[in-house]
Every structure is written in C-alpha cells, then in structure tokens.
Amino acid sequence: MTLKSVLVAYDGTQPSRAALDTAVEIAASSGGTLTLVCVIPVIAAAYGIEMPPGTSVAETIEAARTMLANEKLALAKRGVVHVETALLEGNPVDRIVEYAEKHPADLLVVGSRRLSEAGRFFLGSVSDGILHHARCSVLVVKSSAPGSPRRASKAI
C-alpha cells in the first residue's frame with residue numbers, strides 16, 4: 001500500500017512526539033507528504049481549562065503556531081521536505097476528523113496518553129475518538145513515557 005499522505009495529530013507532548021516519529025518513518029519510506037495538525041481547544045481555553053494561568057487564547061495560538069513552524073524546520077533539517085502544517089481551533093477529535101475528510105489522508109497517526117479507564121471516562125480520549133470517527137486508516141502509537149500508567153497483565 002502506497003501512502004501518499006500521512007496526517008499526524010501533534011501538540012508537542014511526548015505521546016504526540018512518538019506519533020510524529022512514527023509518521024515521519026512511514027512518510028519517508030513511502031515518499032508521501034506529512035501533515036502536522038495541531039488543535040487548540042479554544043472553548044476550554046477561554047474558560048482557563050487547557051491553559052496555564054495568566055495565558056491568553058492569543059498567546060496559546062501563537063505558541064502553537066511557533067511550535068509547528070519550529071517542528072517543520074527541525075524536520076527539514078532531518079531531510080523531511082514534504083511537510084505541511086495546520087493549526088485548528090475547537091474540539092480536537094472533531095477538528096482532526098474534519099481536516100482528514102477535507103484533506104484526504106491515507107493514514108492518520110495519533111499518540112496515546114494511556115489514560116486509565118476513569119481518565120477516559122472523565123476526560124475522553126482523543127485517540128479513541130479519532131479511531132472511531134475517522135474514515136481513513138488510523139494508527140495509534142503507544143509511547144512509554146515515564147510515569148505512564150501500565151496495566152498489569154492478567155492470567156487467563
């Protein structure tokens with residue numbers, strides 16, 4: 001299967017960095033275009049939920065824009081030249097799925113924060129939402145970030 005377009009959900013966190021590293025490998029091996037999509041949850045940010053205290057929505061958007069530009073530059077230095085970026089606002093699941101539909105991707109790559117069952121219930125899961133709503137193939141990359149909860153294996 002040739003992948004002409006690989007889209008990766010990216011927010012600078014360790015799980016999204018793991019997803020980006022995987023997406024870079026896939027795009028490079030297939031010669032496809034890599035698109036980094038970052039979503040600012042503006043509604044939550046307007047109420048101070050997703051932002052550090054004292055940070056405005058405009059500052060958050062500018063920081064995300066800078067992060068994407070820096071990442072694109074870093075990827076170019078690594079030889080990844082077919083990179084596009086998109087900065088969106090709103091619900092991350094909805095906006096990433098909408099973007100993937102308007103800009104058809106062969107593969108959508110997302111990271112997983114390995115939320116506990118309670119965390120998924122209360123916070124939701126972006127990777128889970130994308131997995132269930134995207135019309136293209138989705139790869140969920142599980143990282144081994146320090147402090148990530150791991151489930152104990154159960155005997156069958």
# chains A, B, ... in the order shown; residues from 1 in each chain; ligands from 1
>>> residues_around(residues="A:Thr33", least_positions_apart="6", cutoff="10 Å", atoms="only C-alpha atoms", output="PDB file with C-alpha atoms, in the first residue's frame")
ATOM      1  CA  LEU A   3       0.782   6.152   1.405  1.00  0.00           C
ATOM      2  CA  LYS A   4       0.750   9.489  -0.409  1.00  0.00           C
ATOM      3  CA  SER A   5      -0.484  11.474   2.570  1.00  0.00           C
ATOM      4  CA  VAL A   6       0.206  10.889   6.258  1.00  0.00           C
ATOM      5  CA  LEU A   7      -1.500  13.144   8.773  1.00  0.00           C
ATOM      6  CA  VAL A  24       7.980  10.514   9.728  1.00  0.00           C
ATOM      7  CA  ILE A  26       6.120   5.971   7.331  1.00  0.00           C
ATOM      8  CA  ALA A  27       6.004   9.105   5.153  1.00  0.00           C
ATOM      9  CA  VAL A  80      11.890  15.521   5.604  1.00  0.00           C
ATOM     10  CA  VAL A  81      10.908  18.075   2.988  1.00  0.00           C
ATOM     11  CA  HIS A  82       7.268  17.339   2.166  1.00  0.00           C
ATOM     12  CA  VAL A  83       5.791  18.739   5.388  1.00  0.00           C
ATOM     13  CA  GLU A  84       2.633  20.768   5.789  1.00  0.00           C
ATOM     14  CA  ALA A 105      -5.137  11.314   4.163  1.00  0.00           C
TER      15      ALA A 105
END
>>> select_by_dssp(residues="stretch 65-120 of chain A", states="strand (DSSP E or B)", output="count of residues only")
13
